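Worksheet: the structure to be examined is printed underneath.
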Amino acid sequence: MSNLRWIMVTLFVIFSGIAQADEPAEPKLGRYNVRSYGASNRPPIFLGHFVLEEGGKYKVHLPGGRLVGEGTYEFDKEKKEVKWLTGKYKDEGWTGRVLVASDDKSLVIWLRPTTRATHVPDEKK
């Protein structure tokens, strides 16, 4: 019985470490495509994108790239959440829970229950 217990504890430690490694320390800078998900039989609606920039700044763009807002944010490391301090997303009451998508390990920021933003890797690298 003690061997089984040792194996279970070892597996727990290993899988706990993997789960923590997948969780982001903070959101990546760069572009996030925003999509709204409705009925399961319909594709998501593309709402545009935002860009997280250095210095806690962000810019919001409509589909097609037109700039429609900007503001500031900070990241709450304990809650793993982006806090919109000023600008369009603060005014609209959006949230910013940061998670890693299980399907492809993309960084996702949940803005509303049916709206999320997915990080777009920098294509220049």
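Scheme for the structure tokens: letters A, B, ... for chains in order shown; per-chain residue numbers from 1; ligand numbers from 1 in order shown.
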List the neighbours of Pro113 of chain A out to 9 Å using only C-alpha atoms; skip same-chain residues closer than 3 positions along the sequence, and give me the result as a count of residues only. 3
Near Gly69 of chain A, counting only C-alpha atoms, which residues have an atom at most 12 Å away, once you skip same-chain residues fewer than 2 positions from it, shown as a ChimeraX atom specification? /A:48-51,57-62,65-67,71-72,86-92
Phe46 of chain A surroundings by only C-alpha atoms, 7 Å radius, close-in-sequence under 3 positions cut, as a VMD selection string: chain A and resid 34 to 36
Shell of 10 Å around Lys28 of chain A, only C-alpha atoms, local chain residues under 3 positions omitted, as a PDB file with N, CA and C atoms, in the first residue's frame:
ATOM      1  N   PRO A  24      -0.239  31.191 -17.510  1.00  0.00           N
ATOM      2  CA  PRO A  24       0.625  32.325 -17.825  1.00  0.00           C
ATOM      3  C   PRO A  24       1.021  33.113 -16.583  1.00  0.00           C
ATOM      4  N   ALA A  25       2.254  33.592 -16.559  1.00  0.00           N
ATOM      5  CA  ALA A  25       2.691  34.488 -15.500  1.00  0.00           C
ATOM      6  C   ALA A  25       2.106  35.878 -15.742  1.00  0.00           C
ATOM      7  N   ARG A  31      -0.883  41.322 -30.442  1.00  0.00           N
ATOM      8  CA  ARG A  31      -2.250  41.325 -30.968  1.00  0.00           C
ATOM      9  C   ARG A  31      -3.078  40.158 -30.421  1.00  0.00           C
ATOM     10  N   TYR A  32      -4.345  40.465 -30.118  1.00  0.00           N
ATOM     11  CA  TYR A  32      -5.336  39.481 -29.696  1.00  0.00           C
ATOM     12  C   TYR A  32      -6.578  39.651 -30.573  1.00  0.00           C
ATOM     13  N   VAL A  51      -4.425  45.358 -29.120  1.00  0.00           N
ATOM     14  CA  VAL A  51      -2.989  45.155 -28.996  1.00  0.00           C
ATOM     15  C   VAL A  51      -2.576  45.569 -27.593  1.00  0.00           C
ATOM     16  N   LEU A  52      -1.950  44.639 -26.859  1.00  0.00           N
ATOM     17  CA  LEU A  52      -1.344  44.982 -25.570  1.00  0.00           C
ATOM     18  C   LEU A  52       0.067  45.475 -25.847  1.00  0.00           C
ATOM     19  N   GLU A  53       0.381  46.657 -25.342  1.00  0.00           N
ATOM     20  CA  GLU A  53       1.678  47.277 -25.594  1.00  0.00           C
ATOM     21  C   GLU A  53       2.460  47.416 -24.292  1.00  0.00           C
ATOM     22  N   GLU A  54       3.738  47.692 -24.440  1.00  0.00           N
ATOM     23  CA  GLU A  54       4.594  47.931 -23.274  1.00  0.00           C
ATOM     24  C   GLU A  54       4.067  49.128 -22.492  1.00  0.00           C
ATOM     25  N   LEU A 107      -2.766  31.583 -25.775  1.00  0.00           N
ATOM     26  CA  LEU A 107      -3.133  32.420 -24.640  1.00  0.00           C
ATOM     27  C   LEU A 107      -4.463  33.094 -24.957  1.00  0.00           C
ATOM     28  N   VAL A 108      -5.428  32.990 -24.039  1.00  0.00           N
ATOM     29  CA  VAL A 108      -6.769  33.525 -24.256  1.00  0.00           C
ATOM     30  C   VAL A 108      -7.123  34.467 -23.112  1.00  0.00           C
ATOM     31  N   HIS A 119      -4.448  35.325 -28.429  1.00  0.00           N
ATOM     32  CA  HIS A 119      -3.180  35.922 -28.827  1.00  0.00           C
ATOM     33  C   HIS A 119      -2.750  35.425 -30.208  1.00  0.00           C
ATOM     34  N   VAL A 120      -2.280  36.348 -31.027  1.00  0.00           N
ATOM     35  CA  VAL A 120      -1.780  36.013 -32.359  1.00  0.00           C
ATOM     36  C   VAL A 120      -0.253  36.087 -32.289  1.00  0.00           C
ATOM     37  N   PRO A 121       0.427  34.953 -32.465  1.00  0.00           N
ATOM     38  CA  PRO A 121       1.890  34.970 -32.402  1.00  0.00           C
ATOM     39  C   PRO A 121       2.477  35.937 -33.423  1.00  0.00           C
TER      40      PRO A 121
END
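The closest residue to Asn33 of chain A, picked from A:Arg97, A:Gly64, A:Gly56, A:Glu78 and counting only C-alpha atoms, is A:Gly64.
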Counting only C-alpha atoms, the residue of A:Pro44, A:Arg112, A:Leu99, A:Pro27 that sits nearest Phe75 of chain A: A:Pro27
